[in-house]
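Peer 1: Handing you this structure, nothing more for now.
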Amino acid sequence: MPGSDSLSSLGRAHSSARKGLARAAVRDMRARAPSAPGRVRAPLSVAEHVSAGDFVRALAKGLLVIESFDTASPSMTLSQVAKKTGLSRGTARRLLLTLVELRYAGFDGKYFDLQPRALKLGFAYLHSRNLWQLSQAYMAQLVERVHESCSIAVLDDSEIVYVARVPTATRIMSINLGIGTRLPAFATSMGRVLLGGLSASALSRLLEQLSPLPQYTPKTVTEPTALLREIDVARKQGWALVDQELETGLRSIAVPIVNGSTHPVAALNIGTQASRWPILKLTQEVLPLLKQTAGSISMLLEASGERSSAAKNQR
């Protein structure tokens with residue numbers, strides 16, 4: 001397993017469910033820190049498709065404040081929020097007090113923290129896409145056959161976000177996985193399947209923003225050319241297997257979930273401990289079942305008329 005420092009770093013990169021779900025509303029603005037206090041720039045995807053006059057910076061700043069709370073900083077003072085977001089103290093104060101008034105945040109006289117109401121932001125996304133709830137039946141059947149955890153994730157910038165999960169009693173990672181959990185796309189099987197659906201230009205921009213890539217384990221592929229090769233293989237063969245690149249002892253295999261076209265709008269995976277499933281056995285016994293399940297969910301997706309913004313990012 002990775003050392004305590006690497007796990008701590010990895011844990012900070014993984015948002016809690018409420019932070020992860022809230023971030024579904026705005027791309028990772030914190031990763032693109034404001035160039036000056038109080039100045040929030042539109043994410044790249046917004047800047048490309050929305051005029052400056054249509055981008056509401058006040059809303060973006062409010063979401064940025066919500067996103068600043070995470071597992072490493074579950075509660076913060078006004079000064080800490082201002083420093084973390086790059087906003088002025090005055091702006092941060094007004095936004096925080098507004099969130100308190102709306103019951104999205106709490107305040108004890110010194111520290112601010114998020115309240116359960118903040119979960120409504122993320123669950124609005126999940127409830128508006130009933131597909132993920134309907135998929136649980138197919139996933140449960142797969143878990144019953146292979147006795148390993150099954151998950152569905154979508155791509156959000158450089159991370160995957162878990163939107164559905166059927167776990168088993170056996171824990172496979174050092175952190176808890178659940179709805180809203182975020183993991184780095186480049187080092188996960190679902191992430192590589194989804195990155196394979198991006199255009200070459202979009203993928204290049206993304207990797208450039210992430211450079212240098214973090215080394216989670218001795219097996220993590222961080223060299224850009226080698227990573228692009230792995231993503232290309234996943235795209236061509238229609239599945240990806242990642243062996244102990246995110247965490248030592250963790251092995252996972254994933255396939256795409258597509259809409260009416262061939263573009264992946266989500267990914268389905270099975271995660272297991274490397275000691276239980278040799279790679280050959282995983283590809284021979286689990287992969288066919290995984291493809292079958294993804295096919296059933298894809299048909300459900302097409303029948304429901306669901307569309308994902310992921311398809312728009314192909315351009």
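All residue names refer to the structure tokens as shown: chains lettered A, B, ... in order, residues numbered from 1 in each chain, ligands numbered from 1 in order.
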Identify, with DSSP run on backbone atoms, the residues in region 64-244 of chain A assigned to strand (DSSP E or B), and express the list as a ChimeraX atom specification.

Peer 2: /A:75-76,105-107,112-114,149-156,159-166,182-184,240-243

Peer 1: Please report, as a PyMOL selection string, each residue of region 138-301 of chain A to which DSSP assigns alpha helix (DSSP H) when run on this structure's backbone.

Peer 2: chain A and resi 138-146+189-195+200-210+224-237+279-281+287-301

Peer 1: Show which residues sit within 10 Å of Pro212 (chain A), as a list in words. Count only C-alpha atoms, and ignore same-chain residues fewer than 6 positions away.

Peer 2: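 Final neighbour list, sorted by chain and number: Thr222, Glu223 and Pro224 of chain A.
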
Peer 1: Pick out the residues sitting within 9 Å of Leu287 (chain A), and hand them over as a ChimeraX atom specification; count only C-alpha atoms, and ignore anything fewer than 3 positions along from it in its own chain.

Peer 2: /A:239,253-255,270,282-284,290-292

Peer 1: Export N, CA and C atoms of the chosen residues as a JSON list (two decimals), in the first residue's frame?

Peer 2:
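This went into part.json:
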```json
[["chain", "number", "residue", "atom", "x", "y", "z"],
["A", 239, "TRP", "N", -12.03, -1.22, -23.98],
["A", 239, "TRP", "CA", -11.97, -1.45, -22.54],
["A", 239, "TRP", "C", -10.59, -1.06, -22.02],
["A", 253, "ILE", "N", -11.01, -3.03, -14.09],
["A", 253, "ILE", "CA", -11.24, -3.15, -15.51],
["A", 253, "ILE", "C", -12.55, -2.43, -15.83],
["A", 254, "ALA", "N", -12.59, -1.69, -16.93],
["A", 254, "ALA", "CA", -13.75, -0.86, -17.25],
["A", 254, "ALA", "C", -14.08, -0.91, -18.73],
["A", 255, "VAL", "N", -15.35, -0.67, -19.02],
["A", 255, "VAL", "CA", -15.85, -0.58, -20.40],
["A", 255, "VAL", "C", -16.74, 0.66, -20.49],
["A", 270, "ILE", "N", -15.38, -2.95, -12.76],
["A", 270, "ILE", "CA", -15.27, -3.88, -11.64],
["A", 270, "ILE", "C", -13.92, -3.62, -11.00],
["A", 282, "LEU", "N", -9.16, -12.07, -15.20],
["A", 282, "LEU", "CA", -10.04, -10.91, -15.18],
["A", 282, "LEU", "C", -10.55, -10.60, -16.60],
["A", 283, "THR", "N", -9.65, -10.67, -17.56],
["A", 283, "THR", "CA", -10.05, -10.37, -18.94],
["A", 283, "THR", "C", -10.87, -11.50, -19.57],
["A", 284, "GLN", "N", -10.61, -12.72, -19.18],
["A", 284, "GLN", "CA", -11.32, -13.85, -19.77],
["A", 284, "GLN", "C", -12.70, -14.09, -19.14],
["A", 290, "LEU", "N", -18.86, -7.85, -18.05],
["A", 290, "LEU", "CA", -18.86, -6.40, -17.92],
["A", 290, "LEU", "C", -19.39, -5.75, -19.20],
["A", 291, "LYS", "N", -18.96, -6.26, -20.35],
["A", 291, "LYS", "CA", -19.44, -5.75, -21.64],
["A", 291, "LYS", "C", -20.93, -5.98, -21.80],
["A", 292, "GLN", "N", -21.39, -7.14, -21.38],
["A", 292, "GLN", "CA", -22.81, -7.46, -21.48],
["A", 292, "GLN", "C", -23.65, -6.50, -20.64]]
```

Peer 1: Neighbours of Pro167 (chain A) within 9 Å (only C-alpha atoms; same-chain residues fewer than 2 positions away dropped), as number ranges by chain?

Peer 2: A: 140, 143, 148-151, 165, 169-171, 177-178

Peer 1: Can you tell me, as a list in words, what residues are no more than 12 Å from Ala137 (chain A) when counting only C-alpha atoms, ignoring any on the same chain fewer than 3 positions away?

Peer 2: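 Here the qualifying residues turn out to be Leu131, Trp132, Gln133, Leu134, Ala140, Gln141, Leu142, Val143, Glu144, Cys150, Ala164, Arg165, Val166, Thr293, Ser296, Ile297 and Leu300 of chain A.
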
Peer 1: Just checking: using only C-alpha atoms, which residue out of A:Phe186, A:Trp277, A:Tyr138, A:Tyr162 ends up closest to Thr220 (chain A)?

Peer 2: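 When distances to Thr220 (chain A) are compared using only C-alpha atoms, the smallest one comes from A:Phe186.
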
Peer 1: Please provide as a PyMOL selection string all residues within 6 Å of Ala274 (chain A), with the sequence filter that same-chain residues fewer than 2 positions apart are discarded (counting only C-alpha atoms).

Peer 2: chain A and resi 249-251+276-277

Peer 1: Using only C-alpha atoms, pick whichever of A:Ala226, A:Ile257, A:Leu195, A:Ile66 has the shortest atom-to-atom distance to Ala294 (chain A).

Peer 2: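 So, comparing all the options, the nearest one is A:Ile257.
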
Peer 1: CA of Leu203 (chain A) and CA of Val56 (chain A) are how many Å apart?

Peer 2: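 Straight-line distance from CA of Leu203 (chain A) to CA of Val56 (chain A) works out to 27.0 Å.
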
Peer 1: In Å, rounded to a single decimal, give me how far CA of Ile152 (chain A) is from CA of Thr225 (chain A).

Peer 2: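 Those two atoms sit 27.3 Å apart.
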
Peer 1: Between region 64-85 of chain A and region 99-121 of chain A, at 9 Å or less, what are the per-residue closest atom pairs and their distances in Å? Count only C-alpha atoms, order by chain and rising residue number, and return it as a Markdown table.

Peer 2:
```
| residue | atom | partner | partner_atom | distance |
| --- | --- | --- | --- | --- |
| A:Ile66 | CA | A:Leu114 | CA | 7.5 |
| A:Phe69 | CA | A:Asp113 | CA | 7.3 |
| A:Ser73 | CA | A:Asp113 | CA | 8.9 |
| A:Pro74 | CA | A:Asp113 | CA | 6.1 |
| A:Ser75 | CA | A:Asp113 | CA | 4.5 |
| A:Met76 | CA | A:Tyr111 | CA | 5.1 |
| A:Thr77 | CA | A:Tyr111 | CA | 4.6 |
| A:Leu78 | CA | A:Tyr111 | CA | 7.4 |
| A:Val81 | CA | A:Phe112 | CA | 8.8 |
```
